[in-house]
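> Okay, handing you the structure first.
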Amino acid sequence: MNIFIIGNGNLAYSLVPAIQGAEHCVSGVYSRKNPCAIPDDADIYIICTADAGIADAAALLPPDKVVAHTSGCTGIDVLSGRFERCGVIYPVQTFTKGVKVDFANVPLMVETVGFIDDNNNDNNANPIVQLARSLSRDVRTLDSAQRRALHLSAVFACNFVNHSIAAARLIANENGIDFALLRPLLDETIRKATKGDPILGQSGPAVRGDENTMRLHEELLARHTHLLSLYIVESMSIKDLSQKYSQGLPHPNH
């Protein structure tokens, strides 16, 4: 297939070689900083801009084109009001320029409108589904509401976890401690959380109700008001979640 990309951020940086590696053609990449002529003959136009720029990018294209965006949080309706055939290909992954990502292992969430048997992953007549299946081993159908919830889950699993690690590095560095000491702990934490049940595997002073330790931690964070607030809220949330499911309430996985 002939694919044209609008947007040149982190996702586009990884998506272009993935598309080429799947033996498709990338006919060009358009961005605000480097605008180029948009061809009329692409099989799919993929919008890889920030969410706020999707509608503006869509306005660059005639309504008879096949268009998809890549957002986790923006609904398909941002396109379906303009294009008869459109969709979403949302990759559940974090992307950074300069870091190679194996798209074959990236789950792709697909939603389409205007095709026969929309969102049937076995439908070989749907070019958006075809493209997704050529890029990844794991292609699934999610509607806009489900995809938005998945995106929120991803923010907790990725962005908030990474921020917590950044905070851990800051605290270690400020106190002359080698951050490398935490790497085995981080490895085991991720292994335990992904292989088992993160609620049942929760450890630390909050789940134990160790108020004395938490007060000492709060004193250490006095100069970092935002991290102090985060520590207090996270500790309360850990304690609350642990208590709820230790009392026999339905587990969120069931």
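In the structure tokens, each chain is lettered A, B, ... as it comes, each chain's residues begin at 1, and ligands are numbered from 1 in order of appearance.
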DSSP on the backbone, then: every residue of range 105-248 of chain A marked strand (DSSP E or B), written as a list in words.
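Selection result, strand (DSSP E or B) within range 105-248 of chain A: Leu108, Met109, Val110, Glu111, Thr112, Val113, Val139, Arg140 and Thr141 of chain A.
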> Within 12 Å of range 22-31 of chain A, which residues of range 125-197 of chain A show up? Give each one with its shortest atom-to-atom distance in Å (one decimal) and the two atoms involved, counting only C-alpha atoms, rows by chain then rising residue number, as JSON lines.

```
{"residue": "A:Pro127", "atom": "CA", "partner": "A:His24", "partner_atom": "CA", "distance": 12.0}
{"residue": "A:Gln130", "atom": "CA", "partner": "A:Ala22", "partner_atom": "CA", "distance": 11.0}
{"residue": "A:Leu131", "atom": "CA", "partner": "A:His24", "partner_atom": "CA", "distance": 8.7}
{"residue": "A:Ala132", "atom": "CA", "partner": "A:Ala22", "partner_atom": "CA", "distance": 10.0}
{"residue": "A:Arg133", "atom": "CA", "partner": "A:Ala22", "partner_atom": "CA", "distance": 9.8}
{"residue": "A:Ser134", "atom": "CA", "partner": "A:Ala22", "partner_atom": "CA", "distance": 6.1}
{"residue": "A:Leu135", "atom": "CA", "partner": "A:Ala22", "partner_atom": "CA", "distance": 6.2}
{"residue": "A:Ser136", "atom": "CA", "partner": "A:Ala22", "partner_atom": "CA", "distance": 9.6}
```
> Between A:Glu234, A:Asp210, A:Glu84, A:Asp51, which is the closest to Phe115 in chain A once you count only C-alpha atoms?
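For Phe115 in chain A, the nearest of the given residues is A:Glu84.
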> Counting only C-alpha atoms, what is within 6 Å of Arg85 in chain A, bar same-chain residues fewer than 3 positions away, as a list in words?
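Residues near the query, excluding close chain neighbours: Val66, Val113 and Gly114 of chain A.
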> Tell me which protein, DNA and RNA residues are within 9 Å of Asn159 in chain A, counting only C-alpha atoms, leaving out same-chain ones fewer than 5 positions away, and put them as an mmCIF file with N, CA and C atoms, in the first residue's frame.

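The file below, around_28.cif, is the result:
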```
data_model
loop_
_atom_site.group_PDB
_atom_site.id
_atom_site.type_symbol
_atom_site.label_atom_id
_atom_site.label_comp_id
_atom_site.auth_asym_id
_atom_site.auth_seq_id
_atom_site.Cartn_x
_atom_site.Cartn_y
_atom_site.Cartn_z
ATOM 1 N N THR A 94 5.018 3.447 24.171
ATOM 2 C CA THR A 94 5.642 4.757 24.287
ATOM 3 C C THR A 94 6.734 4.859 23.234
ATOM 4 N N ALA A 154 -2.957 3.350 30.216
ATOM 5 C CA ALA A 154 -1.579 3.480 29.758
ATOM 6 C C ALA A 154 -0.874 4.661 30.426
ATOM 7 N N SER A 164 7.352 8.566 38.646
ATOM 8 C CA SER A 164 7.749 8.081 39.965
ATOM 9 C C SER A 164 9.214 7.656 39.972
#
```
> Considering only C-alpha atoms, can you say which of A:Ile177, A:Asp143, A:Leu60, A:Ala168 comes closest to Tyr231 in chain A?
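Smallest separation from Tyr231 in chain A among the options: A:Ala168.
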